Each structure stands twice: as structure tokens, then as C-alpha cells.
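Data file: my_file06.cif. Format and content: mmCIF, C-alpha atoms.
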data_model
loop_
_atom_site.group_PDB
_atom_site.id
_atom_site.type_symbol
_atom_site.label_atom_id
_atom_site.label_comp_id
_atom_site.auth_asym_id
_atom_site.auth_seq_id
_atom_site.Cartn_x
_atom_site.Cartn_y
_atom_site.Cartn_z
ATOM 1 C CA MET A 1 77.680 68.236 110.679
ATOM 2 C CA GLY A 2 80.698 66.883 108.781
ATOM 3 C CA TRP A 3 80.447 64.700 105.714
ATOM 4 C CA GLU A 4 76.769 64.032 106.400
ATOM 5 C CA ALA A 5 76.223 67.357 104.594
ATOM 6 C CA LEU A 6 77.174 65.582 101.353
ATOM 7 C CA GLY A 7 73.617 64.226 101.266
ATOM 8 C CA ARG A 8 72.462 67.734 100.351
ATOM 9 C CA TRP A 9 73.861 67.123 96.857
ATOM 10 C CA GLY A 10 71.487 64.200 96.286
ATOM 11 C CA GLU A 11 70.701 60.672 97.372
ATOM 12 C CA ASP A 12 73.260 58.937 95.158
ATOM 13 C CA VAL A 13 76.275 61.042 96.232
ATOM 14 C CA THR A 14 79.221 59.051 97.577
ATOM 15 C CA ARG A 15 82.732 59.718 98.792
ATOM 16 C CA VAL A 16 85.258 57.815 96.698
ATOM 17 C CA GLU A 17 88.732 58.392 98.154
ATOM 18 C CA PRO A 18 90.699 61.037 100.041
ATOM 19 C CA LEU A 19 92.813 63.445 97.993
ATOM 20 C CA THR A 20 96.216 64.563 99.242
ATOM 21 C CA GLY A 21 98.245 67.741 99.000
ATOM 22 C CA GLY A 22 96.198 70.147 101.093
ATOM 23 C CA VAL A 23 96.797 71.169 104.676
ATOM 24 C CA ALA A 24 93.679 72.936 105.922
ATOM 25 C CA ASN A 25 90.718 70.861 104.718
ATOM 26 C CA ASP A 26 89.461 67.304 104.363
ATOM 27 C CA VAL A 27 89.292 66.777 100.577
ATOM 28 C CA TRP A 28 87.798 63.750 98.821
ATOM 29 C CA SER A 29 86.883 62.714 95.335
ATOM 30 C CA VAL A 30 83.115 62.212 95.286
ATOM 31 C CA ARG A 31 80.470 61.103 92.807
ATOM 32 C CA VAL A 32 77.523 63.401 92.170
ATOM 33 C CA ASP A 33 74.888 62.235 89.673
ATOM 34 C CA GLY A 34 77.391 59.648 88.468
ATOM 35 C CA ARG A 35 80.088 62.259 87.736
ATOM 36 C CA LEU A 36 83.444 62.517 89.475
ATOM 37 C CA ALA A 37 83.735 65.689 91.556
ATOM 38 C CA VAL A 38 85.708 67.006 94.537
ATOM 39 C CA GLY A 39 84.288 67.622 97.995
ATOM 40 C CA ARG A 40 86.155 69.880 100.405
ATOM 41 C CA LEU A 41 85.116 70.045 104.047
ATOM 42 C CA GLY A 42 86.580 72.693 106.305
ATOM 43 C CA GLY A 43 85.847 75.148 109.057
ATOM 44 C CA ARG A 44 85.519 78.328 106.993
ATOM 45 C CA SER A 45 82.676 80.746 107.611
ATOM 46 C CA ASP A 46 79.712 81.090 105.276
ATOM 47 C CA ALA A 47 80.956 84.579 104.311
ATOM 48 C CA ASP A 48 84.360 83.134 103.407
ATOM 49 C CA LEU A 49 82.817 80.338 101.325
ATOM 50 C CA ALA A 50 80.421 82.759 99.610
ATOM 51 C CA TRP A 51 83.421 84.907 98.608
ATOM 52 C CA GLU A 52 85.251 81.865 97.246
ATOM 53 C CA THR A 53 82.328 80.395 95.316
ATOM 54 C CA GLU A 54 81.482 83.798 93.813
ATOM 55 C CA LEU A 55 85.119 84.170 92.733
ATOM 56 C CA LEU A 56 85.143 80.710 91.130
ATOM 57 C CA HIS A 57 81.966 81.414 89.166
ATOM 58 C CA TYR A 58 83.376 84.751 87.994
ATOM 59 C CA LEU A 59 86.676 83.194 86.882
ATOM 60 C CA ASP A 60 84.799 80.426 85.079
ATOM 61 C CA ARG A 61 82.687 82.999 83.203
ATOM 62 C CA GLU A 62 85.901 84.814 82.261
ATOM 63 C CA GLY A 63 87.356 81.661 80.722
ATOM 64 C CA LEU A 64 89.767 80.378 83.376
ATOM 65 C CA ALA A 65 89.487 76.644 83.945
ATOM 66 C CA VAL A 66 88.570 76.541 87.608
ATOM 67 C CA PRO A 67 86.740 73.965 89.686
ATOM 68 C CA VAL A 68 83.162 75.192 89.526
ATOM 69 C CA PRO A 69 80.980 74.770 92.620
ATOM 70 C CA ILE A 70 78.162 72.284 92.106
ATOM 71 C CA PRO A 71 74.966 73.434 93.838
ATOM 72 C CA THR A 72 73.104 71.385 96.417
ATOM 73 C CA THR A 73 69.679 70.061 95.471
ATOM 74 C CA ASP A 74 68.180 73.263 96.913
ATOM 75 C CA GLY A 75 70.583 75.512 94.977
ATOM 76 C CA ARG A 76 73.187 76.426 97.596
ATOM 77 C CA LEU A 77 76.870 76.474 96.630
ATOM 78 C CA PHE A 78 78.037 75.165 100.015
ATOM 79 C CA ALA A 79 76.513 73.619 103.111
ATOM 80 C CA ASP A 80 77.899 73.261 106.634
ATOM 81 C CA GLY A 81 81.472 73.986 105.540
ATOM 82 C CA LEU A 82 81.305 71.621 102.552
ATOM 83 C CA VAL A 83 81.867 72.737 98.962
ATOM 84 C CA VAL A 84 81.496 70.268 96.081
ATOM 85 C CA MET A 85 83.234 71.263 92.847
ATOM 86 C CA THR A 86 83.811 69.892 89.397
ATOM 87 C CA TYR A 87 86.854 67.653 89.044
ATOM 88 C CA VAL A 88 89.704 68.861 86.826
ATOM 89 C CA GLU A 89 92.270 66.290 85.660
ATOM 90 C CA GLY A 90 95.975 67.012 85.232
ATOM 91 C CA GLY A 91 99.555 66.576 86.419
ATOM 92 C CA ALA A 92 102.367 68.651 87.906
ATOM 93 C CA PRO A 93 104.329 71.085 85.707
ATOM 94 C CA GLU A 94 107.542 69.494 84.477
ATOM 95 C CA THR A 95 109.195 71.770 81.934
ATOM 96 C CA GLU A 96 110.171 75.402 81.726
ATOM 97 C CA ALA A 97 107.359 75.894 79.217
ATOM 98 C CA ASP A 98 104.905 74.399 81.727
ATOM 99 C CA TRP A 99 106.053 76.868 84.376
ATOM 100 C CA ARG A 100 105.723 79.768 81.923
ATOM 101 C CA ARG A 101 102.104 78.734 81.406
ATOM 102 C CA VAL A 102 101.621 78.630 85.192
ATOM 103 C CA ALA A 103 103.015 82.174 85.422
ATOM 104 C CA GLY A 104 100.761 83.291 82.572
ATOM 105 C CA THR A 105 97.718 81.850 84.302
ATOM 106 C CA LEU A 106 98.590 83.636 87.546
ATOM 107 C CA ARG A 107 99.034 86.901 85.603
ATOM 108 C CA ARG A 108 95.595 86.401 84.060
ATOM 109 C CA LEU A 109 94.110 85.713 87.512
ATOM 110 C CA HIS A 110 95.646 88.948 88.781
ATOM 111 C CA GLN A 111 94.353 90.924 85.790
ATOM 112 C CA LEU A 112 90.826 89.555 86.110
ATOM 113 C CA THR A 113 90.561 90.278 89.826
ATOM 114 C CA ARG A 114 91.939 93.802 90.099
ATOM 115 C CA GLY A 115 89.953 95.586 92.767
ATOM 116 C CA TRP A 116 88.216 92.381 93.915
ATOM 117 C CA PRO A 117 87.038 92.741 97.541
ATOM 118 C CA GLN A 118 89.100 91.211 100.326
ATOM 119 C CA ARG A 119 88.157 87.735 101.477
ATOM 120 C CA PRO A 120 86.188 88.087 104.745
ATOM 121 C CA GLY A 121 88.427 87.685 107.765
ATOM 122 C CA TRP A 122 91.673 87.636 105.759
ATOM 123 C CA ARG A 123 94.432 90.223 105.563
ATOM 124 C CA SER A 124 96.593 91.465 102.735
ATOM 125 C CA SER A 125 100.311 92.058 102.988
ATOM 126 C CA ILE A 126 99.569 95.775 103.301
ATOM 127 C CA ASP A 127 97.272 95.053 106.267
ATOM 128 C CA LEU A 128 100.181 93.203 107.897
ATOM 129 C CA LEU A 129 102.223 96.397 107.916
ATOM 130 C CA HIS A 130 100.216 97.344 111.009
ATOM 131 C CA ALA A 131 98.689 94.055 112.185
ATOM 132 C CA GLU A 132 100.478 91.208 113.939
ATOM 133 C CA THR A 133 98.161 88.412 112.837
ATOM 134 C CA GLY A 134 96.005 87.475 109.900
ATOM 135 C CA THR A 135 94.264 84.238 108.966
ATOM 136 C CA ARG A 136 97.023 81.665 109.573
ATOM 137 C CA ILE A 137 99.793 84.258 109.933
ATOM 138 C CA ASP A 138 101.301 85.266 113.254
ATOM 139 C CA LEU A 139 104.178 87.679 112.771
ATOM 140 C CA ARG A 140 104.951 87.455 116.489
ATOM 141 C CA ALA A 141 106.229 83.919 115.838
ATOM 142 C CA MET A 142 108.872 85.235 113.434
ATOM 143 C CA PRO A 143 112.233 86.724 114.369
ATOM 144 C CA PRO A 144 111.898 90.532 114.573
ATOM 145 C CA GLU A 145 114.493 90.988 111.808
ATOM 146 C CA GLY A 146 112.434 88.763 109.497
ATOM 147 C CA VAL A 147 109.274 90.728 110.244
ATOM 148 C CA ALA A 148 111.095 94.001 109.566
ATOM 149 C CA ARG A 149 112.385 92.719 106.220
ATOM 150 C CA CYS A 150 108.947 91.476 105.169
ATOM 151 C CA ARG A 151 107.308 94.736 106.158
ATOM 152 C CA ALA A 152 109.948 96.739 104.292
ATOM 153 C CA ALA A 153 109.174 94.736 101.143
ATOM 154 C CA TRP A 154 105.413 95.064 101.645
ATOM 155 C CA ALA A 155 105.673 98.817 102.283
ATOM 156 C CA ARG A 156 106.986 99.291 98.741
ATOM 157 C CA LEU A 157 103.663 97.905 97.500
ATOM 158 C CA ALA A 158 101.464 100.382 99.369
ATOM 159 C CA GLY A 159 99.126 102.240 97.040
ATOM 160 C CA ARG A 160 99.306 99.672 94.245
ATOM 161 C CA GLN A 161 96.263 98.091 92.672
ATOM 162 C CA THR A 162 95.079 95.014 94.575
ATOM 163 C CA CYS A 163 93.979 91.706 93.118
ATOM 164 C CA VAL A 164 93.360 88.133 94.197
ATOM 165 C CA VAL A 165 96.575 86.234 94.856
ATOM 166 C CA HIS A 166 96.905 82.533 95.517
ATOM 167 C CA GLY A 167 98.532 82.182 98.900
ATOM 168 C CA ASP A 168 100.397 78.960 98.232
ATOM 169 C CA SER A 169 101.003 78.624 94.520
ATOM 170 C CA ASN A 170 104.479 77.298 95.319
ATOM 171 C CA ASN A 171 102.796 74.119 96.640
ATOM 172 C CA LEU A 172 102.814 71.531 93.859
ATOM 173 C CA GLY A 173 99.613 70.153 95.375
ATOM 174 C CA ASN A 174 97.985 73.387 94.219
ATOM 175 C CA VAL A 175 99.883 73.807 90.967
ATOM 176 C CA GLY A 176 99.997 70.053 90.424
ATOM 177 C CA GLY A 177 97.270 68.290 88.627
ATOM 178 C CA ARG A 178 98.161 70.878 85.990
ATOM 179 C CA ARG A 179 95.731 73.026 87.935
ATOM 180 C CA LEU A 180 97.509 76.238 87.037
ATOM 181 C CA LEU A 181 99.265 74.630 84.110
ATOM 182 C CA GLY A 182 95.953 73.672 82.589
ATOM 183 C CA ARG A 183 94.739 77.130 83.526
ATOM 184 C CA ARG A 184 92.984 75.736 86.572
ATOM 185 C CA VAL A 185 93.098 77.913 89.641
ATOM 186 C CA ARG A 186 92.373 76.586 93.118
ATOM 187 C CA SER A 187 90.973 79.212 95.395
ATOM 188 C CA GLN A 188 91.051 77.901 98.933
ATOM 189 C CA ALA A 189 94.076 80.015 99.921
ATOM 190 C CA ALA A 190 93.214 83.001 97.758
ATOM 191 C CA ARG A 191 92.923 86.504 99.131
ATOM 192 C CA ARG A 192 93.465 90.069 97.934
ATOM 193 C CA SER A 193 96.923 91.694 97.975
ATOM 194 C CA PRO A 194 98.830 94.190 95.831
ATOM 195 C CA SER A 195 99.373 92.898 92.309
ATOM 196 C CA GLY A 196 103.129 93.503 92.420
ATOM 197 C CA LEU A 197 103.543 90.990 95.225
ATOM 198 C CA ARG A 198 105.743 88.085 94.198
ATOM 199 C CA THR A 199 105.701 86.096 97.430
ATOM 200 C CA SER A 200 102.511 85.823 99.412
ATOM 201 C CA TRP A 201 101.635 84.775 102.942
#
Output the file's structure as C-alpha cells, nothing else.
Amino acid sequence: MGWEALGRWGEDVTRVEPLTGGVANDVWSVRVDGRLAVGRLGGRSDADLAWETELLHYLDREGLAVPVPIPTTDGRLFADGLVVMTYVEGGAPETEADWRRVAGTLRRLHQLTRGWPQRPGWRSSIDLLHAETGTRIDLRAMPPEGVARCRAAWARLAGRQTCVVHGDSNNLGNVGGRRLLGRRVRSQAARRSPSGLRTSW
């Protein structure tokens, strides 16, 4: 259906301008009931989007500043691959203190989501000990030595508590906008992995 689904958020909803920094979705600033918001259109399954929107509502209730899904006029949190969320203003981290706050926010995310169920269709690093592919990962495309080194690191995490990790928090497009700095967490690349994991796939 594409962006026509935006009409499910009301008659006066409009796309304003495309937002940059992402790689997997078409993301625009939008106006809903006169308020600035963000619309993200992608090809994720309903189960995947339900997991994400439930996570965002939970994190919001727990006090993390996250983009909160705005329901359609009939109460759904997504429609035809489109999620509309509140807009959160900010800028990229610039100082060491900023980055410490980013790290603190990620720690809080990990604490709040211990034992959270795996995102439907995604794999954790532990799953990749025995699987060749997962979501956008294809270990067969890597040199065998690289795969062996990754798996050796992941094997040390087996048996640890799992939590939600943000798959690309090293991307300033995700940390930028003071998203993590301002305690905002974007969830589109989130999935569950062991909490001791420092680098995620």
C-alpha cells in the first residue's frame, strides 16, 4: 500500500520531508493533528512491528525517552508496514560527557529488557553460533577466519542473561539527534542478545 496508509492516522496527515540516516526504511517527518511526528515505512512483518511497538510503549512507561507510536484512528499502532511515532528533537553527541550519557542510556535499556523475548524472525549472537544467516546477516559472506573469531567471542557469552540490544548504535544517525544522548532509544534495529555483548550484528 505504501504511503497511502498514512491516511489511517487521519484526514489532515501530511508528509513533510524525508529524514536521512537510516538504511532499511523510508522515513519522513509528518504532521498528525498539527503535530510534528515521524513516519517510517518498511517491509517488516506485523509480528515484528508488534514486538517493536510493544517494546517502545514499555520503555516509555519505564521512563526512557523513546519515540512513542501514535495509533491510527482505529487504534492500531501500525498499518501496512507504516509506523508513526512522536518526534524527538536533538543533536549528535559531541563531548566525552555526551558519550558517557549514551553509554548510560544503553545500560538502562539493557537492564530494563532483561529476559525480553526475541524479535520475531531475528537471531541473537548466540543463535549465530550454529546458524549461518539471520535477519540481514550472512556469515557465509565473511572470511572463515572472521566467522571463527566472531563465534569464539559469542561463545563466551553463552548462558548469560539476554536483553534487547540496539544493532547499530555506532551509527550517528541512530545516536544522533541526541536520541541516546537525550535518553531516546530508536528501536528499528533492536533485537535480543546476551547483555555482555559489546559489539552487535
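Remark: for Ser124 of chain A, the closest of the candidate residues A:Val30, A:Ala155, A:Leu36, A:Ala24 is A:Ala155 (distances computed over only C-alpha atoms).
Taking atom CA of Pro120 of chain A as the reference point, atom CA of Trp51 of chain A is found at 7.4 Å.
Using all atoms listed in the file, the contacts of Thr14 of chain A at a cut-off of 9 Å, with sequence neighbours closer than 4 positions omitted, comprise Leu6, Gly7, Ser29, Val30, Arg31 and Val32 of chain A.
One finds atom CA of Arg8 of chain A at 29.1 Å from atom CA of Pro117 of chain A.
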- [ ] Write out as a PyMOL selection string which residues come within 9 Å of Asp48 of chain A when counting all atoms listed in the file, dropping same-chain ones fewer than 6 positions away.
- [x] chain A and resi 119-122
Open item on the list: Every residue with an atom at most 12 Å from (82.7, 69.3, 100.5) (file coordinates; only C-alpha atoms) is what I'm after, so could you write them as a ChimeraX atom specification?
Closed with: /A:1-9,13-15,18-19,25-32,37-44,49,69-72,77-86
Task: Two-atom distance - atom CA of Gln118 of chain A, atom CA of Leu55 of chain A (Å) - done: 11.1 Å
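Using all atoms listed in the file, the nearest neighbour of Cys163 of chain A within the list A:Gly115, A:Gly63, A:Pro143, A:Gly134 is A:Gly115.
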Open item on the list: With all atoms listed in the file as the counted atoms, please give the residues lying no more than 12 Å from Glu132 of chain A, apart from itself and same-chain residues fewer than 4 positions off, as a ChimeraX atom specification.
Closed with: /A:123-128,136-142,144,147-148,151
TODO: Using all atoms listed in the file, pick whichever of A:Ala131, A:Val68, A:Ala153, A:Leu106 has the shortest atom-to-atom distance to His166 of chain A.
DONE: A:Leu106
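The residue that comes closest to Arg61 of chain A, out of A:Leu112, A:Ala47, A:Cys150, A:Leu129 and on the basis of only C-alpha atoms, is A:Leu112.
Of the residues under consideration (A:Val16, A:Thr135, A:Gly22, A:Val66), A:Val16 shows the shortest atom-to-atom contact distance to Arg35 of chain A when counting all atoms listed in the file.
If you measure from each of A:Arg160, A:Leu59, A:Val23, A:Gly75 to Gly10 of chain A using all atoms listed in the file, the closest one turns out to be A:Gly75.
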